[in-house]
Amino acid sequence: MDNVSTAFLFTTLAGLSTTIGGLIAYFIKKPKFTYLSFLLGFSAGVMIYISFVELLSKSINELGFLSANIAFFGGIVGIYFVDKFIPHIHINMKPDPHYRVPRHHKKLIGVGVLTAVGIAIHNFPEGMAVFAVSLDSLALGLPIALAIAIHNIPEGIAVSVPIYYATGNRRKAFVYSCLSGVTEPVGAVIGYLLLLPFLTPSVLYTTLAVVAGIMIFICFDELLPISKEYGNEHLSTLGLFFGMVVMMLSLSLL
């Protein structure tokens, strides 16, 4: 329970990193984000390695192979349906047609608002994920929070750019990007309220297995495909393996 306040802090910082994306769109007219190919690949490597090596393996040791894997695949199925019924729109940064066609204001506003809503809903389970992992281990929670934070930067851009080009109002674009990340700490609060009354080792490790499934889905459905779009396949893969190696070295030193 001593980890609760720090877990909330990690989750809040991860969620509000959408504001970084909002600031980038605020100050730079035509941003190029090739470097995000490596960073998003790195984030995926961190999350995949932790999910399998730490979260799922700990859950198997505590719950048994079958129960832990049922929870793991339950997390994948759950986030799949969230993604299916609430589409997660990403902005295309190469090249962005919004730069050439600043007309159709209502359509652009709609894209920005729908993107903000979609990202907000997707950030909700991410907030629970960061919080649950941090509750178990702050040493694991910090790299997960950083990985989610890197993931959220282009999401902030995806919200702010179409709204700015539709309205010409940088402040409004920035505010929407901020609001899209607020649901991450909200997810942590709800997760805390749901978990606290029943927080036994079995509940915690079941939650960690579900979180592992959610993060694996995010990596393969979002981070890696988008990483390759921003740069190239080799740069994305290099980031992926570098993230795994960094986590291996950090865990070996714990």
# chains A, B, ... in the order shown; residues from 1 in each chain; ligands from 1
>>> residues_around(residues="A:Leu251", least_positions_apart="4", cutoff="9 Å", atoms="only C-alpha atoms", output="ChimeraX atom specification")
/A:139-140,246-247
>>> write_last_selection(atoms="C-alpha atoms", output="short mmCIF file (atom, residue, chain, number, x, y, z; two decimals), in the first residue's frame")
data_model
loop_
_atom_site.label_atom_id
_atom_site.label_comp_id
_atom_site.auth_asym_id
_atom_site.auth_seq_id
_atom_site.Cartn_x
_atom_site.Cartn_y
_atom_site.Cartn_z
CA ALA A 139 10.66 -0.85 -10.43
CA LEU A 140 8.43 -2.36 -13.13
CA VAL A 246 17.48 -2.42 -21.68
CA MET A 247 14.74 -4.10 -19.63
#
>>> residues_around(residues="stretch 190-201 of chain A", least_positions_apart="2", cutoff="8 Å", atoms="only C-alpha atoms", output="ChimeraX atom specification")
/A:62,128,131-132,186-188,203-205
>>> residues_around(residues="stretch 77-82 of chain A", least_positions_apart="2", cutoff="12 Å", atoms="only C-alpha atoms", output="JSON, numbers by chain")
{"A": [70, 71, 72, 73, 74, 75, 84, 85, 86, 87, 88, 118, 119, 120, 121, 122, 123, 124, 125, 126, 129, 210, 211, 212, 213, 214, 215, 216, 217, 218, 219, 220, 221, 222]}
>>> residues_around(residues="stretch 149-151 of chain A", least_positions_apart="5", cutoff="7 Å", atoms="only C-alpha atoms", output="PyMOL selection string")
chain A and resi 14-15+17+40+43
>>> closest_residue(among="A:Ala209, A:Val130, A:Leu223, A:Ile50", to="A:Glu184", atoms="only C-alpha atoms")
A:Val130
>>> atom_distance(atom1="atom CA of A:Ala7", atom2="atom CA of A:Gly127")
9.9 Å
